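Containing TSV, C-alpha atoms: structure.tsv.
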chain	number	residue	atom	x	y	z
A	465	MET	CA	-24.42	69.92	-37.55
A	466	LEU	CA	-21.99	67.81	-39.59
A	467	LYS	CA	-19.07	70.07	-38.67
A	468	TYR	CA	-19.13	68.56	-35.18
A	469	ILE	CA	-18.68	65.03	-36.57
A	470	SER	CA	-15.25	63.62	-37.31
A	471	THR	CA	-14.51	62.86	-40.96
A	472	THR	CA	-13.02	59.56	-39.81
A	473	TRP	CA	-16.38	58.44	-38.44
A	474	VAL	CA	-18.19	59.62	-41.56
A	475	HIS	CA	-15.76	57.67	-43.73
A	476	PHE	CA	-16.15	54.56	-41.57
A	477	ILE	CA	-19.95	54.69	-41.72
A	478	LEU	CA	-19.91	55.28	-45.49
A	479	VAL	CA	-17.64	52.28	-46.04
A	480	ILE	CA	-19.85	50.01	-43.90
A	481	ILE	CA	-22.95	51.17	-45.77
A	482	ALA	CA	-21.13	50.53	-49.06
A	483	VAL	CA	-20.31	46.96	-48.01
A	484	MET	CA	-23.98	46.32	-47.28
A	485	LEU	CA	-25.09	48.00	-50.50
A	486	ASP	CA	-22.79	45.74	-52.52
A	487	GLY	CA	-24.77	42.77	-51.26
A	488	GLY	CA	-28.12	44.49	-51.72
A	489	ILE	CA	-27.35	45.56	-55.28
A	490	SER	CA	-26.11	42.08	-56.15
A	491	LEU	CA	-29.26	40.53	-54.70
A	492	TYR	CA	-31.90	42.78	-56.26
A	493	LEU	CA	-30.18	43.20	-59.63
A	494	ALA	CA	-28.98	39.61	-59.89
A	495	PRO	CA	-31.04	38.85	-63.06
A	496	LEU	CA	-29.28	41.75	-64.79
A	497	LEU	CA	-25.79	41.56	-63.27
A	498	PHE	CA	-25.32	37.81	-63.34
A	499	LYS	CA	-26.98	36.82	-66.58
A	500	GLN	CA	-24.84	34.05	-68.03
A	501	PRO	CA	-22.19	34.24	-69.27
A	502	MET	CA	-21.89	37.78	-67.92
A	503	SER	CA	-21.03	38.53	-64.31
A	504	ALA	CA	-20.78	42.10	-62.97
A	505	SER	CA	-19.77	42.68	-59.35
A	506	PRO	CA	-20.69	45.92	-57.54
A	507	MET	CA	-17.57	47.20	-55.78
A	508	LEU	CA	-18.96	50.26	-54.00
A	509	SER	CA	-17.02	49.24	-50.89
A	510	LEU	CA	-13.71	49.53	-52.74
A	511	ILE	CA	-14.78	52.87	-54.23
A	512	LEU	CA	-15.47	54.26	-50.76
A	513	VAL	CA	-12.23	52.85	-49.32
A	514	ILE	CA	-10.14	54.83	-51.82
A	515	MET	CA	-12.47	57.86	-52.08
A	516	PRO	CA	-10.59	60.06	-49.55
A	517	VAL	CA	-7.39	59.55	-51.52
A	518	MET	CA	-9.02	60.27	-54.89
A	519	THR	CA	-10.75	63.45	-53.72
A	520	GLY	CA	-7.94	64.97	-51.65
A	521	HIS	CA	-9.59	64.45	-48.28
A	522	ALA	CA	-7.19	61.82	-46.96
A	523	GLN	CA	-5.47	64.44	-44.79
A	524	GLN	CA	-8.69	64.76	-42.78
A	525	ILE	CA	-8.31	61.12	-41.72
A	526	LYS	CA	-5.24	59.74	-40.02
A	527	ARG	CA	-3.41	57.33	-42.32
A	528	LYS	CA	-3.60	54.51	-39.80
A	529	TRP	CA	-7.39	54.88	-39.75
A	530	LEU	CA	-7.60	54.79	-43.55
A	531	TYR	CA	-5.84	51.43	-43.49
A	532	THR	CA	-7.73	50.18	-40.44
A	533	ILE	CA	-11.06	50.92	-42.13
A	534	ALA	CA	-9.83	49.28	-45.35
A	535	PHE	CA	-8.83	46.20	-43.36
A	536	PHE	CA	-12.21	46.05	-41.62
A	537	ALA	CA	-14.12	46.50	-44.90
A	538	GLY	CA	-12.08	43.75	-46.55
A	539	MET	CA	-12.77	41.44	-43.61
A	540	LEU	CA	-16.53	42.03	-43.91
A	541	VAL	CA	-16.42	41.38	-47.65
A	542	ASP	CA	-14.49	38.15	-47.04
A	543	ILE	CA	-16.84	36.96	-44.31
A	544	PHE	CA	-20.15	37.78	-45.99
A	545	TYR	CA	-19.41	37.45	-49.71
A	546	THR	CA	-16.39	35.25	-50.43
A	547	GLY	CA	-16.44	32.87	-47.46
A	548	ILE	CA	-12.64	32.90	-47.33
A	549	VAL	CA	-10.93	35.33	-44.96
A	550	GLY	CA	-7.92	36.98	-46.53
A	551	PRO	CA	-8.31	37.86	-50.23
A	552	ALA	CA	-10.40	41.04	-49.83
A	553	ILE	CA	-8.47	42.17	-46.74
A	554	ILE	CA	-5.16	42.01	-48.58
A	555	GLY	CA	-6.72	43.34	-51.78
A	556	PHE	CA	-8.28	46.41	-50.17
A	557	LEU	CA	-5.06	47.30	-48.38
A	558	LEU	CA	-3.03	46.91	-51.58
A	559	MET	CA	-5.51	48.97	-53.61
A	560	LEU	CA	-5.47	51.77	-51.04
A	561	LYS	CA	-1.69	51.83	-51.28
A	562	LEU	CA	-1.88	51.79	-55.07
A	563	ALA	CA	-4.38	54.67	-55.10
A	564	GLU	CA	-2.07	56.73	-52.87
A	565	PHE	CA	0.86	56.05	-55.20
A	566	ILE	CA	-1.05	57.05	-58.34
A	567	GLN	CA	-2.62	60.15	-56.79
A	568	ARG	CA	0.81	61.62	-56.03
A	569	TYR	CA	1.21	62.38	-59.73
A	570	LEU	CA	-2.30	63.72	-60.37
A	571	SER	CA	-4.38	66.74	-59.43
A	572	TYR	CA	-7.67	66.53	-57.56
A	573	SER	CA	-10.46	66.56	-60.12
A	574	PHE	CA	-13.14	64.19	-61.33
A	575	SER	CA	-11.06	63.14	-64.33
A	576	SER	CA	-8.09	62.35	-62.06
A	577	SER	CA	-10.38	60.47	-59.67
A	578	LEU	CA	-11.71	58.54	-62.64
A	579	ALA	CA	-8.18	57.55	-63.63
A	580	VAL	CA	-7.27	56.43	-60.10
A	581	TRP	CA	-10.52	54.51	-59.78
A	582	PHE	CA	-10.10	52.77	-63.15
A	583	VAL	CA	-6.54	51.62	-62.49
A	584	THR	CA	-7.34	50.57	-58.93
A	585	LEU	CA	-10.49	48.64	-59.83
A	586	THR	CA	-8.80	46.91	-62.76
A	587	ALA	CA	-5.84	45.98	-60.54
A	588	TYR	CA	-8.18	44.64	-57.87
A	589	MET	CA	-10.12	42.54	-60.36
A	590	ALA	CA	-6.87	41.11	-61.73
A	591	TYR	CA	-5.67	40.40	-58.20
A	592	ASP	CA	-9.01	38.79	-57.30
A	593	TYR	CA	-8.90	36.63	-60.44
A	594	ALA	CA	-5.35	35.50	-59.68
A	595	ALA	CA	-6.05	34.86	-55.98
A	596	PHE	CA	-9.06	32.67	-56.61
A	597	GLY	CA	-7.36	31.05	-59.59
A	598	ILE	CA	-4.56	29.86	-57.31
A	599	ILE	CA	-7.06	28.03	-55.09
A	600	ASN	CA	-8.93	26.70	-58.15
A	601	LEU	CA	-12.15	28.66	-57.61
A	602	VAL	CA	-12.04	30.38	-61.02
A	603	ASN	CA	-12.71	28.47	-64.22
A	604	LEU	CA	-12.71	31.37	-66.70
A	605	ASN	CA	-9.79	31.81	-69.04
A	606	ILE	CA	-8.29	35.28	-69.32
A	607	PRO	CA	-10.15	36.43	-72.49
A	608	ASN	CA	-13.51	35.36	-71.06
A	609	PHE	CA	-12.64	36.98	-67.73
A	610	ILE	CA	-11.94	40.29	-69.45
A	611	MET	CA	-14.99	40.16	-71.70
A	612	PHE	CA	-17.63	38.72	-69.40
A	613	HIS	CA	-16.51	39.83	-65.94
A	614	LEU	CA	-14.02	42.72	-66.01
A	615	PHE	CA	-15.80	44.94	-68.55
A	616	PRO	CA	-19.30	44.54	-67.05
A	617	THR	CA	-17.88	45.17	-63.57
A	618	ILE	CA	-16.18	48.36	-64.74
A	619	ILE	CA	-19.42	49.61	-66.31
A	620	ILE	CA	-21.63	48.99	-63.25
A	621	ASN	CA	-19.05	50.52	-60.93
A	622	LEU	CA	-18.64	53.56	-63.15
A	623	VAL	CA	-22.36	54.19	-62.68
A	624	LEU	CA	-21.99	53.78	-58.91
A	625	LEU	CA	-19.01	56.15	-58.81
A	626	ILE	CA	-20.92	58.85	-60.69
A	627	ILE	CA	-23.90	58.48	-58.34
A	628	VAL	CA	-21.98	58.76	-55.06
A	629	TYR	CA	-19.05	61.02	-56.02
A	630	GLU	CA	-20.50	64.46	-55.31
A	631	LEU	CA	-22.46	63.29	-52.25
A	632	VAL	CA	-19.36	61.82	-50.61
A	633	ILE	CA	-17.30	64.93	-51.35
A	634	TYR	CA	-20.05	67.05	-49.78
A	635	LEU	CA	-19.97	64.94	-46.61
A	636	TYR	CA	-16.18	65.12	-46.40
A	637	ASN	CA	-16.22	68.90	-46.89
A	638	ALA	CA	-19.04	69.34	-44.37
A	639	THR	CA	-17.02	67.56	-41.68
A	640	LYS	CA	-13.73	69.30	-42.44
A	641	LYS	CA	-12.39	71.07	-39.38
A	642	PRO	CA	-11.16	74.67	-39.82
A	643	ASP	CA	-7.41	75.23	-39.84
A	644	ILE	CA	-6.97	77.43	-36.78
A	645	SER	CA	-3.25	77.80	-37.47
A	646	SER	CA	-4.13	80.22	-40.28
A	647	TYR	CA	-6.14	82.52	-38.02
A	648	ASP	CA	-4.68	85.88	-37.01
A	649	VAL	CA	-4.84	85.90	-33.22
A	650	THR	CA	-2.72	89.02	-32.67
A	651	PRO	CA	-4.49	91.13	-30.01
A	652	ARG	CA	-5.80	94.42	-31.31
A	653	ASP	CA	-7.70	97.30	-29.75
A	654	LEU	CA	-11.01	98.61	-31.04
A	655	ASN	CA	-9.29	100.93	-33.51
A	656	GLY	CA	-7.44	98.05	-35.14
A	657	ARG	CA	-4.06	99.05	-33.67
A	658	LEU	CA	-1.73	96.52	-32.10
A	659	VAL	CA	-2.15	96.29	-28.35
A	660	LEU	CA	1.20	96.78	-26.67
A	661	ASP	CA	1.96	95.04	-23.42
A	662	SER	CA	2.37	97.11	-20.27
A	663	ARG	CA	6.19	96.98	-20.34
A	664	SER	CA	6.31	98.36	-23.90
A	665	GLN	CA	3.90	101.11	-22.97
A	666	ARG	CA	6.01	102.10	-19.96
A	667	ASN	CA	9.17	102.24	-22.09
A	668	MET	CA	7.46	104.51	-24.63
A	669	SER	CA	6.20	106.86	-21.92
A	670	LYS	CA	9.71	107.42	-20.55
Translate the structure described by the file into structure tokens.
Amino acid sequence: MLKYISTTWVHFILVIIAVMLDGGISLYLAPLLFKQPMSASPMLSLILVIMPVMTGHAQQIKRKWLYTIAFFAGMLVDIFYTGIVGPAIIGFLLMLKLAEFIQRYLSYSFSSSLAVWFVTLTAYMAYDYAAFGIINLVNLNIPNFIMFHLFPTIIINLVLLIIVYELVIYLYNATKKPDISSYDVTPRDLNGRLVLDSRSQRNMSK
């Protein structure tokens, strides 16, 4: 059934679900995630945005759609969670570009995906800290940011990555379209011999 569904649509739906789950996880686990002075932010939406790149399925989705979906996800995060349109949009697009750059030098495996995810998430958190620091919405100094926000965020998102990794790969593989260019479409008769056209047969009979 899934083979009739475009991977692009599957990716889009997964990213939208991830955006909603970020809010749900933050709400229901708030006593654990935001226990002062600690603050851990679920970033499942960012994980899903870069997942096709990390797992080698980006070729199933047109590049313009990867960036369009990243833009849309960032806009939703800005509207519903930050209240300021712009930081997450720019951040998601930059992180997708960064993930593509890093993945060029790595193979497709869980360990490589882990490396891409770690660098990308850390870069996004640093970007987010700098962006909100510029508009004076962050009061933490850098050591406290690393200890009480960056590390807890990495831990919670590592758990989320492990939970969704295999499931997302399964969905991408299930919607992968066969490469018909590799099929042998040479006409053959029932005995497996090449079928010659009528002109060739006439020439041989002469």
Do you know which residues are at most 8 Å from Thr617 of chain A counting all atoms listed in the file, after dropping those on the same chain fewer than 2 positions away, and could you put them as an mmCIF file with C-alpha atoms, in the frame of the given file?
data_model
loop_
_atom_site.group_PDB
_atom_site.id
_atom_site.type_symbol
_atom_site.label_atom_id
_atom_site.label_comp_id
_atom_site.auth_asym_id
_atom_site.auth_seq_id
_atom_site.Cartn_x
_atom_site.Cartn_y
_atom_site.Cartn_z
ATOM 1 C CA SER A 503 -21.030 38.530 -64.310
ATOM 2 C CA ALA A 504 -20.780 42.100 -62.970
ATOM 3 C CA SER A 505 -19.770 42.680 -59.350
ATOM 4 C CA PRO A 506 -20.690 45.920 -57.540
ATOM 5 C CA HIS A 613 -16.510 39.830 -65.940
ATOM 6 C CA LEU A 614 -14.020 42.720 -66.010
ATOM 7 C CA PHE A 615 -15.800 44.940 -68.550
ATOM 8 C CA ILE A 619 -19.420 49.610 -66.310
ATOM 9 C CA ILE A 620 -21.630 48.990 -63.250
ATOM 10 C CA ASN A 621 -19.050 50.520 -60.930
#
Note to self: Just checking: using all atoms listed in the file, which residue out of A:Tyr591, A:Ile514, A:Phe544, A:Thr532 ends up closest to Leu562 of chain A?
What the structure shows: A:Ile514
Notebook entry, point to check: Of the residues A:Leu570, A:Leu478, A:Ile627, A:Leu635, which is the one nearest to Val517 of chain A, using all atoms listed in the file?
Noted result: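 Selected residue with least distance to Val517 of chain A: A:Leu570.
Closest approach to Thr519 of chain A among A:Ser571, A:Gln500, A:Asn608, A:Ser490: A:Ser571, based on only C-alpha atoms.
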Next item on the list: Please check which residues have atoms at most 12 Å from (-20.6, 65.6, -38.6) in the file's coordinates, counting all atoms listed in the file, and write them as a PyMOL selection string.
Entry: chain A and resi 465-475+477+634-641
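Between atom CA of Ala534 of chain A and atom CA of Leu560 of chain A the interatomic distance comes to 7.6 Å.
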